[in-house]
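Q: mmCIF, C-alpha atoms and all ligand atoms, file my_file.cif:
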```
data_upload
#
loop_
_atom_site.label_atom_id
_atom_site.label_comp_id
_atom_site.auth_asym_id
_atom_site.auth_seq_id
_atom_site.Cartn_x
_atom_site.Cartn_y
_atom_site.Cartn_z
CA MET A 1 -15.44 -6.94 -8.16
CA LYS A 2 -15.78 -10.69 -8.35
CA LEU A 3 -14.10 -12.30 -5.40
CA LEU A 4 -12.44 -15.58 -4.92
CA THR A 5 -12.91 -17.94 -7.77
CA THR A 6 -10.90 -20.72 -6.22
CA TYR A 7 -8.66 -23.33 -7.70
CA MET A 8 -7.70 -24.30 -4.21
CA ASP A 9 -10.50 -26.23 -2.58
CA SER A 10 -9.34 -29.70 -3.63
CA PHE A 11 -6.00 -28.94 -1.93
CA LEU A 12 -7.53 -27.84 1.38
CA ASN A 13 -7.51 -30.03 4.47
CA SER A 14 -11.12 -29.93 5.64
CA GLU A 15 -10.25 -30.49 9.32
CA ILE A 16 -7.95 -27.46 9.39
CA VAL A 17 -10.51 -25.39 7.50
CA GLU A 18 -13.29 -26.31 9.94
CA LYS A 19 -11.13 -25.43 12.96
CA LEU A 20 -10.48 -21.99 11.49
CA LYS A 21 -14.02 -21.40 10.25
CA ILE A 22 -15.60 -21.83 13.67
CA ARG A 23 -13.50 -18.92 14.93
CA LYS A 24 -15.44 -16.42 12.79
CA GLU A 25 -17.41 -14.66 15.53
CA GLU A 26 -14.35 -14.52 17.80
CA VAL A 27 -12.25 -12.97 15.00
CA PHE A 28 -14.96 -10.44 14.05
CA GLU A 29 -15.30 -9.47 17.70
CA LYS A 30 -11.54 -9.08 18.15
CA LEU A 31 -11.41 -6.61 15.26
CA THR A 32 -14.45 -4.72 16.57
CA GLN A 33 -12.74 -4.40 19.95
CA ALA A 34 -9.24 -3.59 18.62
CA ASP A 35 -7.79 -0.27 19.68
CA MET A 36 -6.21 0.27 16.22
CA ASN A 37 -9.35 -0.25 14.13
CA GLY A 38 -10.02 3.42 13.29
CA TRP A 39 -9.78 2.50 9.57
CA LEU A 40 -13.13 0.68 9.87
CA GLU A 41 -14.96 3.98 10.32
CA PRO A 42 -12.75 6.57 8.68
CA ASP A 43 -13.37 10.20 9.58
CA ILE A 44 -12.92 12.24 6.42
CA SER A 45 -13.97 15.61 7.80
CA PHE A 46 -10.54 16.97 6.80
CA LEU A 47 -11.47 16.88 3.08
CA PRO A 48 -12.46 20.58 2.64
CA GLU A 49 -9.15 21.68 4.21
CA LEU A 50 -7.28 19.08 2.11
CA PHE A 51 -8.73 20.48 -1.15
CA LYS A 52 -7.96 24.04 -0.05
CA VAL A 53 -4.31 23.20 0.58
CA ARG A 54 -4.09 21.17 -2.63
CA ASP A 55 -5.40 24.13 -4.65
CA ASP A 56 -2.91 26.45 -3.03
CA VAL A 57 -0.06 24.05 -3.84
CA LEU A 58 -1.26 23.77 -7.44
CA SER A 59 -1.26 27.56 -7.72
CA HIS A 60 2.46 27.91 -6.97
CA SER A 61 4.21 24.55 -7.46
CA GLN A 62 5.09 22.38 -10.43
CA CYS A 63 5.39 19.15 -8.46
CA LEU A 64 5.00 17.62 -5.01
CA VAL A 65 7.76 15.74 -3.21
CA VAL A 66 6.31 13.14 -0.84
CA ILE A 67 8.67 12.00 1.92
CA GLY A 68 7.57 8.90 3.82
CA ILE A 69 8.39 5.23 4.26
CA GLY A 70 6.49 1.94 4.78
CA GLY A 71 2.78 2.27 5.37
CA SER A 72 2.92 6.04 5.19
CA TYR A 73 3.57 6.23 1.47
CA LEU A 74 3.16 2.85 -0.28
CA GLY A 75 -0.60 3.05 -0.86
CA SER A 76 -0.18 6.49 -2.31
CA GLN A 77 2.59 5.42 -4.69
CA ALA A 78 0.57 2.34 -5.64
CA PHE A 79 -2.48 4.37 -6.69
CA TYR A 80 -0.32 7.10 -8.25
CA SER A 81 1.53 4.56 -10.43
CA ILE A 82 -1.72 3.04 -11.65
CA PHE A 83 -3.58 6.28 -12.35
CA THR A 84 -0.89 8.29 -14.09
CA PRO A 85 -0.25 7.66 -17.79
CA HIS A 86 2.60 5.42 -18.87
CA PHE A 87 4.14 7.84 -21.36
CA THR A 88 2.65 11.33 -21.41
CA ALA A 89 4.24 13.42 -18.70
CA SER A 90 1.98 13.87 -15.72
CA LYS A 91 0.58 17.43 -15.43
CA PHE A 92 1.57 17.53 -11.79
CA PRO A 93 4.20 14.90 -10.99
CA ILE A 94 4.60 13.42 -7.54
CA ILE A 95 8.14 12.49 -6.59
CA TYR A 96 8.56 9.91 -3.82
CA ALA A 97 11.58 10.22 -1.55
CA GLY A 98 12.59 8.99 1.87
CA THR A 99 12.43 5.31 1.05
CA THR A 100 16.15 4.82 0.49
CA LEU A 101 19.34 6.51 1.58
CA SER A 102 20.78 6.24 -1.90
CA SER A 103 23.12 9.17 -2.44
CA ASN A 104 22.83 8.68 -6.20
CA TYR A 105 19.07 9.21 -6.06
CA MET A 106 19.28 12.08 -3.60
CA SER A 107 22.01 14.04 -5.30
CA GLU A 108 20.09 13.90 -8.58
CA LEU A 109 16.85 14.85 -6.85
CA LEU A 110 18.40 17.81 -5.04
CA GLU A 111 19.98 19.00 -8.28
CA TYR A 112 16.65 18.66 -10.12
CA LEU A 113 14.70 20.53 -7.43
CA LYS A 114 17.01 23.57 -7.61
CA ASP A 115 15.30 24.75 -10.79
CA VAL A 116 11.73 23.76 -9.96
CA ASP A 117 8.99 25.37 -7.90
CA PHE A 118 7.88 22.59 -5.62
CA SER A 119 6.18 21.70 -2.34
CA VAL A 120 6.94 18.99 0.16
CA ASN A 121 4.54 16.69 1.98
CA VAL A 122 6.44 14.99 4.78
CA ILE A 123 4.49 12.07 6.22
CA SER A 124 5.41 10.29 9.43
CA LYS A 125 3.03 9.28 12.18
CA SER A 126 5.78 9.11 14.78
CA GLY A 127 7.54 12.11 13.29
CA SER A 128 10.88 10.54 14.13
CA THR A 129 11.57 7.88 11.49
CA MET A 130 15.27 8.19 10.63
CA GLU A 131 15.03 7.93 6.83
CA VAL A 132 12.21 10.47 6.66
CA SER A 133 13.85 12.99 9.03
CA LEU A 134 17.17 12.78 7.21
CA ILE A 135 15.77 13.25 3.72
CA TYR A 136 13.30 15.94 4.85
CA SER A 137 16.11 18.03 6.33
CA ALA A 138 18.01 17.92 3.01
CA ILE A 139 14.97 18.85 0.92
CA LYS A 140 13.88 21.55 3.34
CA LYS A 141 17.25 23.23 2.84
CA VAL A 142 16.47 23.56 -0.89
CA LEU A 143 13.09 25.09 -0.06
CA GLU A 144 14.70 27.52 2.40
CA SER A 145 17.11 28.65 -0.30
CA LYS A 146 14.17 29.52 -2.58
CA TYR A 147 11.46 30.93 -0.35
CA ASP A 148 11.27 33.28 2.62
CA LYS A 149 9.69 32.23 5.94
CA GLU A 150 6.19 33.34 4.95
CA GLU A 151 6.30 31.62 1.53
CA LEU A 152 7.69 28.47 3.14
CA LYS A 153 4.43 28.07 5.04
CA ARG A 154 2.69 27.40 1.73
CA HIS A 155 5.32 24.92 0.50
CA ILE A 156 5.58 22.53 3.46
CA ILE A 157 2.74 20.21 4.41
CA ILE A 158 3.28 18.03 7.47
CA THR A 159 1.19 14.89 8.00
CA THR A 160 1.76 13.37 11.43
CA ASP A 161 0.22 12.48 14.78
CA ALA A 162 -2.45 14.95 15.91
CA SER A 163 -0.77 15.98 19.12
CA CYS A 164 2.77 14.71 19.59
CA GLY A 165 6.14 14.09 17.94
CA PRO A 166 8.80 16.36 16.45
CA LEU A 167 6.88 17.00 13.22
CA ARG A 168 3.75 18.10 15.08
CA GLU A 169 5.92 20.43 17.18
CA GLU A 170 7.49 21.84 14.01
CA ALA A 171 4.12 22.40 12.33
CA LEU A 172 2.82 24.29 15.37
CA ARG A 173 6.02 26.28 15.84
CA GLU A 174 6.45 27.31 12.20
CA GLY A 175 2.80 27.57 11.16
CA TYR A 176 3.13 25.07 8.31
CA TYR A 177 0.10 23.42 6.74
CA SER A 178 -0.56 20.18 8.59
CA PHE A 179 -2.81 17.13 8.66
CA SER A 180 -3.28 14.42 11.26
CA ILE A 181 -3.06 10.64 11.17
CA PRO A 182 -5.56 9.47 13.82
CA SER A 183 -3.99 7.74 16.82
CA ASN A 184 -6.14 4.63 16.24
CA ILE A 185 -4.88 4.04 12.66
CA GLY A 186 -1.45 2.53 11.98
CA GLY A 187 0.66 3.42 8.92
CA ARG A 188 -0.25 0.49 6.69
CA TYR A 189 -3.96 0.91 7.40
CA SER A 190 -3.88 4.67 6.74
CA LEU A 191 -5.21 4.70 3.16
CA LEU A 192 -8.22 6.86 4.02
CA THR A 193 -6.26 9.41 6.03
CA PRO A 194 -4.45 12.53 4.72
CA ALA A 195 -1.25 10.42 4.56
CA HIS A 196 -2.58 8.99 1.31
CA LEU A 197 -5.52 11.16 0.33
CA PHE A 198 -3.53 14.41 0.22
CA PRO A 199 -0.96 13.26 -2.38
CA LEU A 200 -3.62 11.34 -4.29
CA SER A 201 -5.87 14.39 -4.52
CA PHE A 202 -3.40 15.70 -7.14
CA CYS A 203 -3.86 12.78 -9.51
CA LEU A 204 -7.25 11.08 -9.08
CA ASP A 205 -10.81 11.50 -7.93
CA ILE A 206 -10.39 10.65 -4.26
CA GLN A 207 -14.14 10.75 -3.65
CA GLN A 208 -14.46 7.73 -5.97
CA MET A 209 -11.70 5.98 -4.08
CA ILE A 210 -13.46 6.69 -0.78
CA ASP A 211 -16.76 5.34 -2.15
CA GLY A 212 -15.02 2.13 -3.21
CA TYR A 213 -13.20 1.82 0.11
CA LEU A 214 -16.51 1.99 2.00
CA LEU A 215 -17.96 -0.72 -0.26
CA GLY A 216 -14.98 -3.00 0.39
CA LEU A 217 -15.52 -2.79 4.15
CA GLN A 218 -18.85 -4.57 3.67
CA LEU A 219 -17.13 -7.70 2.33
CA LYS A 220 -16.58 -9.21 5.77
CA GLU A 221 -17.77 -12.73 4.91
CA GLU A 222 -15.71 -12.90 1.72
CA ALA A 223 -12.64 -11.54 3.51
CA PHE A 224 -13.00 -14.10 6.28
CA SER A 225 -13.37 -16.90 3.76
CA TYR A 226 -10.14 -15.74 2.02
CA ALA A 227 -8.36 -15.51 5.40
CA VAL A 228 -9.44 -19.05 6.32
CA ARG A 229 -8.16 -20.43 3.01
CA ARG A 230 -4.78 -18.73 3.18
CA VAL A 231 -4.15 -19.56 6.85
CA SER A 232 -5.18 -23.14 6.15
CA MET A 233 -2.70 -23.23 3.26
CA PHE A 234 0.02 -22.09 5.69
CA TYR A 235 -0.70 -24.97 8.09
CA GLN A 236 -0.50 -27.33 5.12
CA GLY A 237 3.03 -26.19 4.26
CA LYS A 238 2.12 -23.57 1.64
CA VAL A 239 3.91 -20.76 3.43
CA VAL A 240 4.30 -18.34 0.51
CA GLU A 241 1.53 -16.32 -1.18
CA ASN A 242 2.38 -15.04 -4.64
CA PHE A 243 0.30 -12.01 -5.70
CA VAL A 244 0.17 -11.94 -9.50
CA SER A 245 -0.91 -9.13 -11.80
CA TYR A 246 -1.00 -8.96 -15.59
CA GLU A 247 -0.81 -5.15 -15.52
CA SER A 248 2.71 -3.72 -15.59
CA ASN A 249 1.72 -0.60 -13.63
CA TRP A 250 0.58 -2.69 -10.64
CA SER A 251 4.03 -3.34 -9.29
CA TYR A 252 3.68 -0.76 -6.49
CA TYR A 253 0.22 -2.08 -5.67
CA LEU A 254 1.79 -5.50 -5.18
CA GLU A 255 4.51 -3.86 -3.05
CA TRP A 256 1.71 -2.34 -0.97
CA LEU A 257 0.17 -5.79 -0.45
CA LYS A 258 3.55 -7.21 0.54
CA GLN A 259 4.02 -4.47 3.12
CA LEU A 260 0.49 -4.91 4.47
CA PHE A 261 0.82 -8.67 4.95
CA GLY A 262 4.51 -8.75 5.85
CA GLU A 263 4.19 -6.31 8.77
CA THR A 264 0.78 -7.60 9.80
CA GLU A 265 1.50 -11.34 9.97
CA GLY A 266 5.22 -11.90 10.29
CA LYS A 267 5.40 -12.45 14.05
CA ASP A 268 6.09 -15.23 16.57
CA GLY A 269 7.66 -17.38 13.84
CA LYS A 270 4.38 -17.34 11.91
CA GLY A 271 3.01 -15.66 8.83
CA ILE A 272 2.76 -16.25 5.11
CA LEU A 273 5.64 -14.76 3.12
CA PRO A 274 4.05 -12.40 0.55
CA ILE A 275 5.82 -12.23 -2.79
CA SER A 276 4.68 -10.79 -6.12
CA MET A 277 5.05 -11.24 -9.84
CA ILE A 278 4.10 -9.27 -12.91
CA HIS A 279 3.17 -11.57 -15.79
CA THR A 280 4.04 -12.47 -18.34
CA ARG A 281 7.48 -10.98 -17.53
CA ASP A 282 8.13 -13.16 -14.50
CA LEU A 283 6.97 -16.35 -16.17
CA HIS A 284 10.36 -16.19 -17.83
CA SER A 285 12.19 -16.06 -14.51
CA LEU A 286 10.42 -17.29 -11.37
CA GLY A 287 7.76 -19.05 -13.46
CA GLN A 288 10.04 -22.09 -13.63
CA PHE A 289 10.21 -22.19 -9.82
CA VAL A 290 6.45 -21.86 -9.45
CA GLN A 291 5.75 -24.67 -11.92
CA GLU A 292 8.33 -27.22 -10.85
CA GLY A 293 10.17 -25.97 -7.76
CA ASN A 294 9.60 -26.40 -4.04
CA LYS A 295 5.83 -26.66 -3.43
CA ILE A 296 5.71 -24.01 -0.71
CA MET A 297 3.46 -21.61 -2.57
CA PHE A 298 -0.10 -20.69 -3.40
CA GLU A 299 -1.10 -17.83 -5.68
CA THR A 300 -3.61 -15.00 -5.82
CA PHE A 301 -4.22 -13.78 -9.37
CA PHE A 302 -5.74 -10.40 -10.19
CA LYS A 303 -7.78 -10.38 -13.36
CA VAL A 304 -8.82 -7.15 -15.06
CA ASN A 305 -11.59 -7.76 -17.56
CA GLN A 306 -11.53 -4.49 -19.50
CA GLY A 307 -8.47 -2.77 -20.90
CA LYS A 308 -7.90 0.01 -23.41
CA PRO A 309 -8.61 -1.04 -27.01
CA CYS A 310 -5.52 -2.45 -28.74
CA LEU A 311 -6.00 -4.70 -31.77
CA ILE A 312 -3.21 -7.12 -32.69
CA HIS A 313 -3.84 -9.71 -35.45
CA GLY A 314 -7.46 -8.52 -35.38
CA ARG A 315 -7.83 -9.54 -31.75
CA GLU A 316 -8.06 -7.41 -28.61
CA LEU A 317 -4.79 -7.62 -26.68
CA GLN A 318 -6.70 -7.61 -23.39
CA GLN A 319 -8.50 -10.80 -24.44
CA ILE A 320 -5.17 -12.40 -25.34
CA ASN A 321 -3.79 -11.33 -21.94
CA LEU A 322 -6.80 -12.88 -20.16
CA THR A 323 -6.52 -16.09 -22.18
CA VAL A 324 -2.86 -16.37 -21.20
CA GLU A 325 -3.79 -15.73 -17.54
CA ASP A 326 -6.33 -18.59 -17.61
CA ALA A 327 -3.78 -20.88 -19.22
CA VAL A 328 -1.15 -20.02 -16.60
CA ILE A 329 -3.59 -20.66 -13.73
CA SER A 330 -4.37 -24.12 -15.20
CA ALA A 331 -0.68 -24.90 -15.68
CA HIS A 332 0.28 -23.85 -12.14
CA VAL A 333 -2.66 -25.67 -10.53
CA SER A 334 -1.62 -28.80 -12.44
CA GLY A 335 1.84 -28.31 -10.89
CA ARG A 336 0.21 -28.42 -7.40
CA VAL A 337 0.20 -24.67 -6.85
CA PRO A 338 -3.31 -23.76 -5.63
CA ALA A 339 -4.77 -20.47 -6.81
CA LEU A 340 -7.39 -17.86 -6.00
CA VAL A 341 -8.65 -15.33 -8.52
CA ILE A 342 -9.98 -11.83 -7.86
CA GLU A 343 -11.64 -10.17 -10.85
CA LEU A 344 -12.09 -6.48 -11.46
CA ASP A 345 -14.18 -5.33 -14.42
CA GLN A 346 -12.10 -2.20 -14.73
CA VAL A 347 -9.32 -0.56 -12.80
CA THR A 348 -10.80 2.65 -11.40
CA PRO A 349 -10.15 4.57 -8.16
CA LYS A 350 -13.43 3.07 -6.95
CA SER A 351 -12.64 -0.58 -7.73
CA LEU A 352 -9.13 -0.26 -6.34
CA GLY A 353 -10.44 1.48 -3.22
CA GLU A 354 -12.84 -1.44 -2.74
CA LEU A 355 -10.09 -4.01 -3.26
CA SER A 356 -7.83 -2.23 -0.78
CA SER A 357 -10.20 -2.07 2.19
CA PHE A 358 -11.18 -5.68 1.44
CA TYR A 359 -7.49 -6.51 1.87
CA PHE A 360 -7.38 -4.64 5.21
CA LEU A 361 -10.07 -7.04 6.41
CA VAL A 362 -8.27 -10.09 5.00
CA ALA A 363 -4.98 -9.06 6.63
CA SER A 364 -6.46 -8.36 10.05
CA TYR A 365 -8.65 -11.51 10.08
CA SER A 366 -5.62 -13.57 9.02
CA GLY A 367 -3.60 -12.01 11.85
CA TYR A 368 -6.22 -13.02 14.41
CA LEU A 369 -6.38 -16.54 12.96
CA PHE A 370 -2.61 -16.70 13.49
CA ASP A 371 -3.18 -15.46 17.07
CA ILE A 372 -0.91 -12.46 16.59
CA ASN A 373 -1.58 -8.72 16.90
CA PRO A 374 -2.22 -7.51 13.32
CA PHE A 375 -1.52 -3.88 14.15
CA ASN A 376 2.02 -3.73 15.53
CA GLN A 377 5.47 -4.32 14.01
CA PRO A 378 7.85 -4.89 16.94
CA GLY A 379 10.43 -6.62 14.72
CA VAL A 380 11.14 -3.41 12.84
CA GLU A 381 12.53 -1.92 16.07
CA VAL A 382 15.45 -4.37 16.02
CA TYR A 383 17.13 -2.84 12.97
CA LYS A 384 16.32 0.64 14.25
CA ALA A 385 18.17 -0.07 17.52
CA GLU A 386 21.25 -1.27 15.59
CA VAL A 387 21.16 1.85 13.41
CA LYS A 388 20.86 4.03 16.51
CA LYS A 389 24.05 2.56 17.93
CA ARG A 390 25.93 3.43 14.76
CA LEU A 391 24.39 6.79 13.91
CA GLY A 392 24.44 8.25 17.42
CA TRP A 393 25.25 11.78 16.16
CA PHE A 394 21.96 11.87 14.25
CA TYR A 395 19.81 10.93 17.22
CA GLU A 396 21.65 13.20 19.65
CA LYS A 397 21.30 16.38 17.59
O1 LIG A 401 2.81 0.34 8.47
C1 LIG A 401 3.44 0.84 9.39
O2 LIG A 401 2.92 1.12 10.50
C2 LIG A 401 4.90 1.19 9.21
O3 LIG A 401 5.37 0.69 8.00
C3 LIG A 401 5.10 2.70 9.26
O4 LIG A 401 4.22 3.31 8.35
C4 LIG A 401 6.54 3.09 8.91
O5 LIG A 401 7.43 2.44 9.78
C5 LIG A 401 6.75 4.58 9.01
O6 LIG A 401 6.46 5.04 10.31
P1 LIG A 401 6.16 6.57 10.55
O7 LIG A 401 4.88 6.94 9.87
O8 LIG A 401 6.06 6.71 12.03
O9 LIG A 401 7.31 7.34 9.98
#
```
Taking this structure as input, can you express it in the form of structure tokens?
A:
Amino acid sequence: MKLLTTYMDSFLNSEIVEKLKIRKEEVFEKLTQADMNGWLEPDISFLPELFKVRDDVLSHSQCLVVIGIGGSYLGSQAFYSIFTPHFTASKFPIIYAGTTLSSNYMSELLEYLKDVDFSVNVISKSGSTMEVSLIYSAIKKVLESKYDKEELKRHIIITTDASCGPLREEALREGYYSFSIPSNIGGRYSLLTPAHLFPLSFCLDIQQMIDGYLLGLQLKEEAFSYAVRRVSMFYQGKVVENFVSYESNWSYYLEWLKQLFGETEGKDGKGILPISMIHTRDLHSLGQFVQEGNKIMFETFFKVNQGKPCLIHGRELQQINLTVEDAVISAHVSGRVPALVIELDQVTPKSLGELSSFYFLVASYSGYLFDINPFNQPGVEVYKAEVKKRLGWFYEK
């Protein structure tokens, strides 16, 4: 991975940068002392059990339904979308549910599942998230109509807090397979916990992903330097970061980044608004705004050097894609939109694992530079309280 080619430095205010830079040791120390930093030293001793359960599921199911929302599922869907083929049907599809209350989606899903042997992995650290509980109860009913109590134990996998919450109680009571999300790792930082590794063990080499993740954690200096640049941009009025990929199957990865930064930084009236674009598609929509609109934005471009061979007019399409990317960066920088570039030679579970833990560092360092707690999300409670008032029957049952 080649980090941070910058087309930003001439835009930076050196006084602001210096004020942020001298906080390096303080920021590093804050993360070392944080009570939610379990993701820095992930414990993966659950892997043998994880593979055992995966093999059992593969022996009797045709697909896995993952039910989770926010940080509990997005990393998994991001990697799944990138590492499953575009057109050939996946040998073992993963279906993601629990992220909307769309009755159109759910009625089709429930209908589809009637004729399929499947298993469910319900993921919720608290075990009480409304969307997840609601959808899980509907899908569990389908399972109960197909399998007896003993069989059910092999079709339901609960991933939740190690010792408390309604899902932990259910797993203990019913004897379902279960995994734990450590108490010192929050949802959006849970990539190297069973919340993500269990579903991903069906579609990619998770050991490679783990190796990459551990490499990314070593990039402390580079992550701090990125954090300083982006926070400095914020204080200079560039309050939006646009994450840009030239790979169409990265859209969930960009959603994952948006969730990571949105929940980490958006507090106390501060934070950079993360948005995303897939090029060249979005050059023909928001591209106009980026080039000539309100100058509130800076961009982070992902560049992938190697793609599958595809000759058009005797030229490799990947080279054409990269040439266009360079041209767009120049055009946007000339329109006073500063840019950073992160290059990957290839997209593999290892390189994406490395990129992801690097981003955990960037997000938490940025949070400390904004003087907010990077590991909570108190604002999310506000909508939950409003929902509770209106859906009292659900919470009282
Ligand atoms: O990143 C986070 O911490 C949140 O997005 C949570 O993952 C999300 O709210 C779901 O919470 P839970 O896992 O308790 O269902």
Q: Could you list the protein, DNA and RNA residues that have any atom within 8 Å of ligand LIG 401 (chain A), counting all atoms listed in the file, and write them as a list in words?
A: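 Going residue by residue within 8 Å of ligand LIG 401 (chain A), we get Gly68, Ile69, Gly70, Gly71, Ser72, Tyr73, Ile123, Ser124, Lys125, Ser126, Gly127, Ser128, Thr129, Val132, Thr160, Gly186, Gly187, Arg188, Tyr189, Gln259, Leu260, Glu263, Phe375, Asn376, Gln377 and Val380 of chain A.
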Q: Quick one, how far is CA of Gly307 (chain A) from CA of Thr88 (chain A)?
A: 18.0 Å
Q: Where does region 307-384 of chain A meet region 208-224 of chain A within 12 Å, residue by residue, with the nearest atom pair and distance in Å to one decimal for each, counting only C-alpha atoms, listed by chain and rising number, as a tab-separated table?
A:
```
residue	atom	partner	partner_atom	distance
A:Ile342	CA	A:Glu222	CA	11.2
A:Val347	CA	A:Met209	CA	11.2
A:Thr348	CA	A:Met209	CA	8.1
A:Pro349	CA	A:Met209	CA	4.6
A:Lys350	CA	A:Gly212	CA	4.2
A:Ser351	CA	A:Gly212	CA	5.8
A:Leu352	CA	A:Gly212	CA	7.1
A:Gly353	CA	A:Tyr213	CA	4.3
A:Glu354	CA	A:Gly216	CA	4.1
A:Leu355	CA	A:Gly216	CA	6.2
A:Ser356	CA	A:Tyr213	CA	6.8
A:Ser357	CA	A:Gly216	CA	5.2
A:Phe358	CA	A:Gly216	CA	4.8
A:Tyr359	CA	A:Ala223	CA	7.4
A:Phe360	CA	A:Leu217	CA	8.4
A:Leu361	CA	A:Ala223	CA	5.9
A:Val362	CA	A:Ala223	CA	4.8
A:Ala363	CA	A:Ala223	CA	8.6
A:Ser364	CA	A:Phe224	CA	9.5
A:Tyr365	CA	A:Phe224	CA	6.3
A:Ser366	CA	A:Phe224	CA	7.9
A:Gly367	CA	A:Phe224	CA	11.1
A:Tyr368	CA	A:Phe224	CA	10.6
A:Leu369	CA	A:Phe224	CA	9.7
```
Q: Pick the closest to Pro194 (chain A) from A:Arg281, A:Lys19, A:Arg54, A:Lys384: which is it, counting all atoms listed in the file?
A: A:Arg54
Q: Enter the distance from CA of Glu131 (chain A) to CA of Met106 (chain A), in Å, rounded to one decimal.
A: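 If I compute the distance from CA of Glu131 (chain A) to CA of Met106 (chain A), I get 12.0 Å.
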Q: Using all atoms listed in the file, list the residues that have an atom at most 10 Å from (3.0, -28.9, -2.9), coordinates as in the file, as a short mmCIF file (atom, residue, chain, number, x, y, z; two decimals) with C-alpha atoms, in the coordinates of the input.
A:
```
data_model
loop_
_atom_site.label_atom_id
_atom_site.label_comp_id
_atom_site.auth_asym_id
_atom_site.auth_seq_id
_atom_site.Cartn_x
_atom_site.Cartn_y
_atom_site.Cartn_z
CA PHE A 11 -6.00 -28.94 -1.93
CA GLN A 236 -0.50 -27.33 5.12
CA GLY A 237 3.03 -26.19 4.26
CA LYS A 238 2.12 -23.57 1.64
CA GLU A 292 8.33 -27.22 -10.85
CA GLY A 293 10.17 -25.97 -7.76
CA ASN A 294 9.60 -26.40 -4.04
CA LYS A 295 5.83 -26.66 -3.43
CA ILE A 296 5.71 -24.01 -0.71
CA MET A 297 3.46 -21.61 -2.57
CA PHE A 298 -0.10 -20.69 -3.40
CA GLY A 335 1.84 -28.31 -10.89
CA ARG A 336 0.21 -28.42 -7.40
CA VAL A 337 0.20 -24.67 -6.85
CA PRO A 338 -3.31 -23.76 -5.63
#
```
Q: Between CA of Leu134 (chain A) and CA of Ser102 (chain A), measure the distance and give it in Å to one decimal.
A: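 Taking CA of Leu134 (chain A) as the start and CA of Ser102 (chain A) as the end point, the length is 11.8 Å.
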Q: Determine, counting only C-alpha atoms, which protein, DNA and RNA residues have an atom within 7 Å of an atom of region 135-146 of chain A; residues of the same chain fewer than 6 positions away are not included. Present the result as an MDAnalysis selection string.
A: chainID A and resid 67 98 110 114 122
Q: Counting all atoms listed in the file, note down every residue that has an atom within 12 Å of the point (-15.1, -11.9, 17.1) (file coordinates), as a PDB file with C-alpha atoms, in the coordinates of the input.
A:
```pdb
ATOM      1  CA  LYS A  21     -14.020 -21.400  10.250  1.00  0.00           C
ATOM      2  CA  ILE A  22     -15.600 -21.830  13.670  1.00  0.00           C
ATOM      3  CA  ARG A  23     -13.500 -18.920  14.930  1.00  0.00           C
ATOM      4  CA  LYS A  24     -15.440 -16.420  12.790  1.00  0.00           C
ATOM      5  CA  GLU A  25     -17.410 -14.660  15.530  1.00  0.00           C
ATOM      6  CA  GLU A  26     -14.350 -14.520  17.800  1.00  0.00           C
ATOM      7  CA  VAL A  27     -12.250 -12.970  15.000  1.00  0.00           C
ATOM      8  CA  PHE A  28     -14.960 -10.440  14.050  1.00  0.00           C
ATOM      9  CA  GLU A  29     -15.300  -9.470  17.700  1.00  0.00           C
ATOM     10  CA  LYS A  30     -11.540  -9.080  18.150  1.00  0.00           C
ATOM     11  CA  LEU A  31     -11.410  -6.610  15.260  1.00  0.00           C
ATOM     12  CA  THR A  32     -14.450  -4.720  16.570  1.00  0.00           C
ATOM     13  CA  GLN A  33     -12.740  -4.400  19.950  1.00  0.00           C
ATOM     14  CA  ALA A  34      -9.240  -3.590  18.620  1.00  0.00           C
ATOM     15  CA  LYS A 220     -16.580  -9.210   5.770  1.00  0.00           C
ATOM     16  CA  PHE A 224     -13.000 -14.100   6.280  1.00  0.00           C
ATOM     17  CA  SER A 364      -6.460  -8.360  10.050  1.00  0.00           C
ATOM     18  CA  TYR A 365      -8.650 -11.510  10.080  1.00  0.00           C
ATOM     19  CA  TYR A 368      -6.220 -13.020  14.410  1.00  0.00           C
ATOM     20  CA  LEU A 369      -6.380 -16.540  12.960  1.00  0.00           C
TER      21      LEU A 369
END
```
Q: Let me have the centre and edge lengths in Å, one decimal, of the box along x, y and z around every listed atom of region 128-133 of chain A with 3 Å of margin on each side, as JSON.
A:
```
{"center_x": 13.1, "center_y": 10.4, "center_z": 10.4, "size_x": 10.4, "size_y": 11.1, "size_z": 13.5}
```
Q: Let me make sure I understand: among A:Val387, A:Ile329, A:Ala195, A:Ala339, which one has the smallest atom-to-atom distance to Tyr226 (chain A) if we use only C-alpha atoms?
A: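 Of all the options, A:Ala339 lies closest to Tyr226 (chain A).
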Q: Could you check which of A:Leu40, A:Leu3, A:Ala89, A:Val290 is closest to Lys303 (chain A), using only C-alpha atoms?
A: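 Closest to Lys303 (chain A) of all the choices is A:Leu3.
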Q: Find the residues around Asp117 (chain A) up to 9 Å (all atoms listed in the file counted), leave out those fewer than 4 positions away in its own chain, and share them as a PyMOL selection string.
A: chain A and resi 60-63+113+143+146
Q: Determine, counting only C-alpha atoms, which protein, DNA and RNA residues have an atom within 8 Å of an atom of Asp345 (chain A); residues of the same chain fewer than 6 positions away are not included. Present the result as a PDB file with C-alpha atoms, keeping the file's coordinate frame.
A:
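Final file, around28.pdb:
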```
ATOM      1  CA  MET A   1     -15.440  -6.940  -8.160  1.00  0.00           C
ATOM      2  CA  VAL A 304      -8.820  -7.150 -15.060  1.00  0.00           C
ATOM      3  CA  ASN A 305     -11.590  -7.760 -17.560  1.00  0.00           C
ATOM      4  CA  GLN A 306     -11.530  -4.490 -19.500  1.00  0.00           C
TER       5      GLN A 306
END
```
